[in-house]
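Structure file query_13.csv (CSV, C-alpha atoms) is printed below.
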chain,number,residue,atom,x,y,z
A,1,MET,CA,-3.8,-13.1,25.0
A,2,PRO,CA,-7.6,-13.8,25.3
A,3,THR,CA,-9.0,-15.2,22.1
A,4,SER,CA,-11.9,-12.8,22.2
A,5,LEU,CA,-9.6,-10.1,21.0
A,6,ALA,CA,-9.0,-9.9,17.3
A,7,ARG,CA,-12.4,-11.5,16.5
A,8,THR,CA,-13.6,-8.4,14.8
A,9,LEU,CA,-10.6,-6.7,13.2
A,10,VAL,CA,-7.0,-7.7,12.2
A,11,ALA,CA,-5.0,-4.6,11.3
A,12,THR,CA,-1.7,-5.1,9.5
A,13,ASP,CA,1.0,-2.8,8.3
A,14,LEU,CA,2.6,-3.7,5.0
A,15,ASP,CA,6.4,-3.1,4.7
A,16,GLY,CA,8.4,-5.1,7.2
A,17,THR,CA,5.2,-6.7,8.6
A,18,LEU,CA,2.8,-8.5,6.2
A,19,LEU,CA,5.0,-8.2,3.1
A,20,LEU,CA,8.1,-10.3,2.4
A,21,PRO,CA,11.2,-8.4,1.1
A,22,ASP,CA,10.1,-8.9,-2.5
A,23,ASP,CA,6.7,-7.1,-1.8
A,24,THR,CA,4.7,-10.4,-1.8
A,25,VAL,CA,2.5,-12.0,0.8
A,26,SER,CA,3.4,-15.6,1.6
A,27,PRO,CA,0.8,-18.4,1.0
A,28,ARG,CA,0.9,-19.2,4.7
A,29,SER,CA,0.1,-15.6,5.6
A,30,ARG,CA,-2.7,-15.5,3.0
A,31,ALA,CA,-4.2,-18.7,4.5
A,32,ALA,CA,-4.0,-17.4,8.0
A,33,LEU,CA,-5.8,-14.2,7.0
A,34,ALA,CA,-8.4,-16.2,5.2
A,35,ARG,CA,-8.9,-18.3,8.3
A,36,ALA,CA,-9.4,-15.2,10.4
A,37,GLY,CA,-11.9,-13.9,7.8
A,38,SER,CA,-13.9,-17.2,7.9
A,39,ALA,CA,-14.1,-16.8,11.7
A,40,GLY,CA,-15.7,-13.4,11.3
A,41,ALA,CA,-12.7,-11.0,11.6
A,42,ARG,CA,-12.1,-8.2,9.1
A,43,HIS,CA,-8.6,-7.6,7.7
A,44,MET,CA,-7.6,-4.0,7.4
A,45,ILE,CA,-4.4,-2.8,5.8
A,46,VAL,CA,-2.9,0.2,7.6
A,47,THR,CA,0.1,1.5,5.8
A,48,GLY,CA,2.3,4.5,5.2
A,49,ARG,CA,2.1,4.0,1.5
A,50,ALA,CA,-0.2,6.4,-0.5
A,51,VAL,CA,-3.1,4.9,-2.4
A,52,PRO,CA,-1.2,4.6,-5.8
A,53,GLY,CA,1.4,2.5,-4.0
A,54,ILE,CA,-1.1,-0.2,-2.8
A,55,ARG,CA,-3.6,-0.6,-5.6
A,56,ALA,CA,-1.7,-3.3,-7.5
A,57,LEU,CA,-1.0,-5.1,-4.3
A,58,VAL,CA,-4.6,-5.2,-3.0
A,59,ALA,CA,-5.8,-6.3,-6.4
A,60,GLU,CA,-3.3,-9.2,-6.5
A,61,LEU,CA,-4.5,-10.1,-3.0
A,62,GLY,CA,-8.1,-9.9,-3.9
A,63,TYR,CA,-8.5,-7.4,-1.0
A,64,GLU,CA,-11.7,-5.4,-1.3
A,65,GLY,CA,-12.0,-3.7,2.1
A,66,LEU,CA,-11.0,-0.3,3.4
A,67,VAL,CA,-7.3,0.6,3.4
A,68,VAL,CA,-5.7,3.2,5.6
A,69,CYS,CA,-2.9,4.9,3.6
A,70,GLY,CA,-0.4,7.7,3.9
A,71,GLN,CA,0.1,7.4,7.6
A,72,GLY,CA,-3.6,7.8,8.2
A,73,ALA,CA,-4.1,10.7,5.8
A,74,GLN,CA,-6.2,8.6,3.4
A,75,VAL,CA,-8.9,6.0,3.7
A,76,TYR,CA,-9.5,4.1,0.4
A,77,ASP,CA,-12.2,1.7,-0.5
A,78,ALA,CA,-10.4,-1.0,-2.5
A,79,GLY,CA,-13.5,-2.8,-3.6
A,80,ALA,CA,-15.2,0.4,-4.9
A,81,HIS,CA,-12.0,2.0,-6.2
A,82,ARG,CA,-12.7,5.3,-4.5
A,83,MET,CA,-11.2,7.6,-1.9
A,84,VAL,CA,-13.4,7.7,1.3
A,85,ARG,CA,-11.3,10.3,3.2
A,86,SER,CA,-8.3,12.4,2.5
A,87,ALA,CA,-6.5,14.9,4.8
A,88,PRO,CA,-4.0,17.0,2.8
A,89,LEU,CA,-0.9,18.6,4.3
A,90,ASP,CA,-0.8,22.3,3.8
A,91,ARG,CA,2.0,23.0,1.4
A,92,GLU,CA,3.1,26.3,2.9
A,93,LEU,CA,3.3,24.6,6.3
A,94,ALA,CA,5.3,21.7,4.8
A,95,ASP,CA,7.8,24.1,3.2
A,96,MET,CA,8.1,26.0,6.5
A,97,ALA,CA,8.6,22.8,8.4
A,98,LEU,CA,11.5,21.7,6.1
A,99,GLY,CA,13.1,25.1,6.6
A,100,LYS,CA,12.9,24.7,10.3
A,101,ILE,CA,14.5,21.3,10.2
A,102,GLU,CA,17.3,22.5,7.9
A,103,ALA,CA,17.9,25.4,10.3
A,104,GLU,CA,18.8,22.8,12.9
A,105,VAL,CA,20.7,20.1,10.9
A,106,GLY,CA,21.6,21.6,7.5
A,107,GLU,CA,20.4,20.5,4.1
A,108,VAL,CA,17.9,17.7,3.9
A,109,PHE,CA,16.5,15.8,0.9
A,110,ALA,CA,12.8,15.7,0.5
A,111,ALA,CA,10.0,13.9,-1.4
A,112,VAL,CA,6.2,14.2,-1.4
A,113,ASP,CA,3.2,12.0,-2.0
A,114,GLN,CA,0.6,13.9,-3.8
A,115,ASP,CA,-3.1,13.7,-2.8
A,116,GLY,CA,-5.6,11.7,-4.6
A,117,PRO,CA,-5.9,8.1,-6.0
A,118,GLU,CA,-3.7,9.1,-8.9
A,119,GLY,CA,-1.2,11.2,-7.0
A,120,ARG,CA,2.5,10.9,-7.9
A,121,THR,CA,5.5,10.6,-5.7
A,122,LEU,CA,7.9,13.5,-6.4
A,123,ILE,CA,11.5,13.4,-5.2
A,124,GLU,CA,14.4,15.9,-5.1
A,125,ALA,CA,17.4,15.0,-7.1
A,126,ALA,CA,19.5,13.7,-4.2
A,127,TYR,CA,16.6,11.8,-2.5
A,128,ARG,CA,16.9,8.0,-2.5
A,129,MET,CA,13.7,6.1,-2.4
A,130,PRO,CA,13.6,3.5,0.4
A,131,HIS,CA,11.3,1.3,-1.7
A,132,PRO,CA,12.8,1.3,-5.2
A,133,THR,CA,9.8,-0.8,-6.5
A,134,LEU,CA,7.5,2.2,-6.0
A,135,PRO,CA,7.5,4.7,-8.9
A,136,ALA,CA,8.7,8.2,-8.4
A,137,ALA,CA,9.4,11.3,-10.5
A,138,ARG,CA,12.5,13.5,-9.9
A,139,VAL,CA,12.1,17.3,-9.8
A,140,ALA,CA,14.9,19.8,-10.3
A,141,ARG,CA,13.8,22.3,-7.7
A,142,ARG,CA,12.1,22.0,-4.3
A,143,ASP,CA,9.3,24.4,-5.2
A,144,ALA,CA,8.2,21.8,-7.8
A,145,LEU,CA,7.2,19.5,-4.9
A,146,TRP,CA,4.4,21.9,-4.0
A,147,ALA,CA,2.8,22.1,-7.5
A,148,GLU,CA,-0.2,19.9,-6.5
A,149,PRO,CA,-1.9,19.1,-3.1
A,150,ILE,CA,0.1,16.6,-1.0
A,151,ILE,CA,-0.6,14.3,1.9
A,152,LYS,CA,2.9,14.0,3.4
A,153,VAL,CA,6.6,14.8,3.0
A,154,MET,CA,9.4,12.3,3.3
A,155,VAL,CA,12.8,13.6,4.6
A,156,ARG,CA,16.3,12.2,4.5
A,157,HIS,CA,19.6,13.6,5.8
A,158,PRO,CA,23.0,12.8,4.3
A,159,ARG,CA,24.5,11.9,7.7
A,160,LEU,CA,22.0,11.7,10.5
A,161,GLY,CA,20.3,8.4,11.4
A,162,ASP,CA,16.5,8.0,11.2
A,163,ASP,CA,15.9,8.2,15.0
A,164,GLU,CA,18.0,11.3,15.4
A,165,LEU,CA,16.5,13.0,12.4
A,166,ALA,CA,13.0,12.2,13.7
A,167,ALA,CA,13.8,13.6,17.1
A,168,VAL,CA,15.2,16.8,15.7
A,169,GLY,CA,12.2,17.1,13.3
A,170,ARG,CA,9.7,16.8,16.1
A,171,GLN,CA,11.5,19.5,18.1
A,172,ALA,CA,11.9,21.9,15.1
A,173,VAL,CA,8.5,21.4,13.5
A,174,GLY,CA,6.4,21.6,16.7
A,175,ASP,CA,2.7,21.9,15.9
A,176,LEU,CA,3.2,22.5,12.1
A,177,ALA,CA,3.0,18.7,11.3
A,178,THR,CA,3.1,15.2,12.7
A,179,VAL,CA,6.6,13.8,12.5
A,180,THR,CA,7.1,10.1,12.5
A,181,MET,CA,9.8,7.5,11.7
A,182,ALA,CA,8.2,5.0,9.3
A,183,GLY,CA,11.1,2.7,8.4
A,184,PRO,CA,14.7,2.7,7.3
A,185,GLY,CA,15.4,6.0,5.6
A,186,THR,CA,11.8,7.1,6.1
A,187,VAL,CA,11.2,10.1,8.3
A,188,GLU,CA,7.8,11.7,7.4
A,189,LEU,CA,5.8,14.8,8.0
A,190,ALA,CA,2.0,14.3,8.0
A,191,PRO,CA,-0.8,16.7,8.7
A,192,ARG,CA,-1.0,17.8,12.3
A,193,GLY,CA,-2.9,15.3,14.4
A,194,VAL,CA,-3.0,12.7,11.6
A,195,ASP,CA,-1.4,9.2,12.2
A,196,LYS,CA,-2.2,5.6,11.8
A,197,GLY,CA,-4.3,5.6,14.9
A,198,THR,CA,-6.6,8.4,13.6
A,199,GLY,CA,-6.9,6.6,10.3
A,200,LEU,CA,-7.7,3.3,11.8
A,201,ALA,CA,-10.3,4.9,14.1
A,202,MET,CA,-12.0,6.5,11.1
A,203,ALA,CA,-12.0,3.3,9.0
A,204,ALA,CA,-13.2,1.1,11.9
A,205,GLY,CA,-15.9,3.6,12.7
A,206,LEU,CA,-17.2,3.4,9.1
A,207,LEU,CA,-17.5,-0.3,9.5
A,208,GLY,CA,-19.1,-0.1,12.9
A,209,LEU,CA,-16.2,-1.9,14.6
A,210,ASP,CA,-14.5,-1.1,17.9
A,211,PRO,CA,-10.6,-0.9,17.5
A,212,ALA,CA,-10.4,-2.0,21.2
A,213,ASP,CA,-11.4,-5.5,20.0
A,214,ALA,CA,-8.7,-5.6,17.4
A,215,VAL,CA,-5.2,-7.0,17.0
A,216,ALA,CA,-2.7,-4.9,15.1
A,217,PHE,CA,0.7,-5.9,13.6
A,218,GLY,CA,3.5,-3.5,12.9
A,219,ASP,CA,7.3,-2.9,12.9
A,220,MET,CA,8.1,0.8,13.2
A,221,PRO,CA,7.4,3.8,15.5
A,222,ASN,CA,4.7,5.0,13.1
A,223,ASP,CA,2.7,2.0,14.3
A,224,LEU,CA,2.7,3.3,17.9
A,225,PRO,CA,-0.6,5.3,17.5
A,226,MET,CA,-2.3,2.2,16.1
A,227,PHE,CA,-1.0,0.1,19.0
A,228,ARG,CA,-2.4,2.6,21.5
A,229,LEU,CA,-5.8,2.2,20.0
A,230,VAL,CA,-6.2,-1.5,19.7
A,231,GLY,CA,-6.7,-4.2,22.2
A,232,HIS,CA,-3.6,-6.1,21.4
A,233,GLY,CA,-0.5,-4.8,19.6
A,234,VAL,CA,1.9,-7.3,18.1
A,235,ALA,CA,5.5,-6.2,17.1
A,236,MET,CA,7.3,-8.2,14.5
A,237,GLY,CA,10.6,-9.8,15.5
A,238,ASN,CA,12.4,-7.3,13.1
A,239,ALA,CA,10.6,-4.3,14.7
A,240,HIS,CA,12.1,-1.1,16.0
A,241,PRO,CA,13.0,-1.3,19.7
A,242,GLU,CA,10.5,1.5,20.5
A,243,LEU,CA,7.6,-0.5,19.1
A,244,LYS,CA,8.7,-3.7,20.7
A,245,ALA,CA,8.7,-1.9,24.1
A,246,ALA,CA,5.1,-0.8,23.6
A,247,ALA,CA,3.8,-4.1,22.2
A,248,ASP,CA,1.7,-6.6,24.0
A,249,GLU,CA,3.4,-9.4,22.2
A,250,ILE,CA,6.5,-9.9,19.9
A,251,THR,CA,6.2,-12.5,17.1
A,252,LEU,CA,8.7,-13.8,14.5
A,253,PRO,CA,10.1,-11.4,11.9
A,254,HIS,CA,8.2,-10.8,8.7
A,255,THR,CA,10.6,-13.0,6.8
A,256,GLU,CA,9.5,-15.9,9.0
A,257,GLU,CA,5.7,-15.2,8.6
A,258,GLY,CA,5.2,-13.8,12.1
A,259,ILE,CA,1.7,-12.6,11.4
A,260,ALA,CA,0.7,-16.1,10.4
A,261,VAL,CA,2.1,-17.6,13.6
A,262,VAL,CA,-0.2,-15.4,15.7
A,263,LEU,CA,-3.3,-15.7,13.6
A,264,GLU,CA,-3.0,-19.5,13.5
A,265,ARG,CA,-2.9,-19.5,17.3
A,266,LEU,CA,-5.9,-17.1,17.5
A,267,PHE,CA,-8.1,-18.7,14.9
A,268,GLY,CA,-6.9,-22.3,15.0
Show me this structure written as structure tokens.
Amino acid sequence: MPTSLARTLVATDLDGTLLLPDDTVSPRSRAALARAGSAGARHMIVTGRAVPGIRALVAELGYEGLVVCGQGAQVYDAGAHRMVRSAPLDRELADMALGKIEAEVGEVFAAVDQDGPEGRTLIEAAYRMPHPTLPAARVARRDALWAEPIIKVMVRHPRLGDDELAAVGRQAVGDLATVTMAGPGTVELAPRGVDKGTGLAMAAGLLGLDPADAVAFGDMPNDLPMFRLVGHGVAMGNAHPELKAAADEITLPHTEEGIAVVLERLFG
């Protein structure tokens, strides 16, 4: 990989990528990111988590840049504590999309991330959160999910695996929403045409940076749009096979600080 790449932007996913299993960032990874920053590169977090799910983390990291959240639906300025951009998912379309999925595979369990910096995560009674550390409120009926504006829907099936559910979802939903597999137990519906690539393009444009000069790190198929945009995509050793196949490079797993390994090579 030419060292000229990644000199302007380092884009990192969080879960399964930058974060350790206990939701912390290792001292080695922190040091590698600081070294990249000293060399003139910007670090940008690009995550499926909504803004409320990242605020405590970015504060602990001392991160004050732009954060792409909610699979690209939100761009948040961590330093100014303000939402820069938000693309809500039409709630009627979301309800219709769930109905189309259930017509194909039977009952599914759903959750939503509400819009806004204070938006809540609401989950149906049988939905199990893939990240138990993130707060969520249970609702008794599905129509309660649509009480306030949302940015995405999360879907689980009692028997189908994630890849199968995502494939069925794309076929059933069509143009109603963007369907992606974001992690174990995490199939999501985002606004049509919204993904991590569009979010990264928006945030990079606000900073006057060209994503083609960036390196991006990820672990799941929802990182594919980001990989298509950047100059160099690095899949973690624990990444989904689909992302590994599309990557320019495969590093060590997140539990072995794979991001630090690459950044230390790039920025010495």
Go through A:Glu264, A:Asp77, A:Glu148, A:Asp223 and flag the residue nearest Asp195 of chain A, using all atoms listed in the file for the distances.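 Going through A:Glu264, A:Asp77, A:Glu148, A:Asp223 one by one, the smallest distance to Asp195 of chain A is for A:Asp223.
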How far is it from atom CA of Ala235 of chain A to atom CA of Pro132 of chain A, in Å with one decimal?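 For atom CA of Ala235 of chain A relative to atom CA of Pro132 of chain A, the distance reads 24.6 Å.
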In the coordinates of the file, take the point (-6.3, 6.5, 16.2) and a cut-off of 6 Å; then, counting all atoms listed in the file, name each qualifying protein, DNA or RNA residue as a ChimeraX atom specification. /A:197-201,225-226,229
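By all atoms listed in the file, and with residues fewer than 4 positions from Ile250 of chain A along its chain excluded, the set lying at most 10 Å from it is Phe217, Gly218, Asp219, Gly233, Val234, Ala235, Met236, Gly237, Asn238, Ala239, Leu243, Lys244, Ala245, Ala246, Gly258 and Val262 of chain A.
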Please check which residues have atoms at most 12 Å from (15.7, 7.7, 11.9) in the file's coordinates, counting all atoms listed in the file, and write them as a compact mmCIF listing (two decimals) with C-alpha atoms, in the coordinates of the input.
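So the final result, stored in result-v3.txt, reads:
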# COMPACT_ATOMS: atom_id res chain seq x y z
CA MET A 154 9.40 12.30 3.30
CA VAL A 155 12.80 13.60 4.60
CA ARG A 156 16.30 12.20 4.50
CA HIS A 157 19.60 13.60 5.80
CA PRO A 158 23.00 12.80 4.30
CA ARG A 159 24.50 11.90 7.70
CA LEU A 160 22.00 11.70 10.50
CA GLY A 161 20.30 8.40 11.40
CA ASP A 162 16.50 8.00 11.20
CA ASP A 163 15.90 8.20 15.00
CA GLU A 164 18.00 11.30 15.40
CA LEU A 165 16.50 13.00 12.40
CA ALA A 166 13.00 12.20 13.70
CA ALA A 167 13.80 13.60 17.10
CA VAL A 168 15.20 16.80 15.70
CA GLY A 169 12.20 17.10 13.30
CA ARG A 170 9.70 16.80 16.10
CA VAL A 179 6.60 13.80 12.50
CA THR A 180 7.10 10.10 12.50
CA MET A 181 9.80 7.50 11.70
CA ALA A 182 8.20 5.00 9.30
CA GLY A 183 11.10 2.70 8.40
CA PRO A 184 14.70 2.70 7.30
CA GLY A 185 15.40 6.00 5.60
CA THR A 186 11.80 7.10 6.10
CA VAL A 187 11.20 10.10 8.30
CA GLU A 188 7.80 11.70 7.40
CA MET A 220 8.10 0.80 13.20
CA PRO A 221 7.40 3.80 15.50
CA ASN A 222 4.70 5.00 13.10
CA HIS A 240 12.10 -1.10 16.00
CA GLU A 242 10.50 1.50 20.50
Counting all atoms listed in the file, the option among A:Gly62, A:Pro88, A:Gly72, A:Pro21 closest to Trp146 of chain A: A:Pro88
To one decimal in Å, tell me the separation between atom CA of Asp115 of chain A and atom CA of Val75 of chain A.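 Atom CA of Val75 of chain A lies 11.6 Å from atom CA of Asp115 of chain A.
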One decimal, in Å: what's the spacing between atom CA of Arg141 of chain A and atom CA of Glu107 of chain A?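 Here the two named atoms are 13.6 Å from each other.
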Which residues are close to segment 27-32 of chain A, i.e. within 7 Å by all atoms listed in the file, leaving aside same-chain residues fewer than 5 positions away? Reply as a list in words.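 Result of the neighbour search: Glu257, Ile259, Ala260, Leu263 and Glu264 of chain A.
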Would you mind exporting C-alpha atoms of the selected residues as a PDB file, in the coordinates of the input?
ATOM      1  CA  GLU A 257       5.700 -15.200   8.600  1.00  0.00           C
ATOM      2  CA  ILE A 259       1.700 -12.600  11.400  1.00  0.00           C
ATOM      3  CA  ALA A 260       0.700 -16.100  10.400  1.00  0.00           C
ATOM      4  CA  LEU A 263      -3.300 -15.700  13.600  1.00  0.00           C
ATOM      5  CA  GLU A 264      -3.000 -19.500  13.500  1.00  0.00           C
TER       6      GLU A 264
END
Can you work out which one of A:Thr24, A:Glu102, A:Ala41, A:Met129 has the shortest atom-to-atom distance to Asp213 of chain A, counting all atoms listed in the file? A:Ala41
Find the residues near Ala177 of chain A: any atom within 6 Å, counting only C-alpha atoms, skip ones fewer than 3 places away on the same chain, and give them as number ranges by chain. A: 189-192
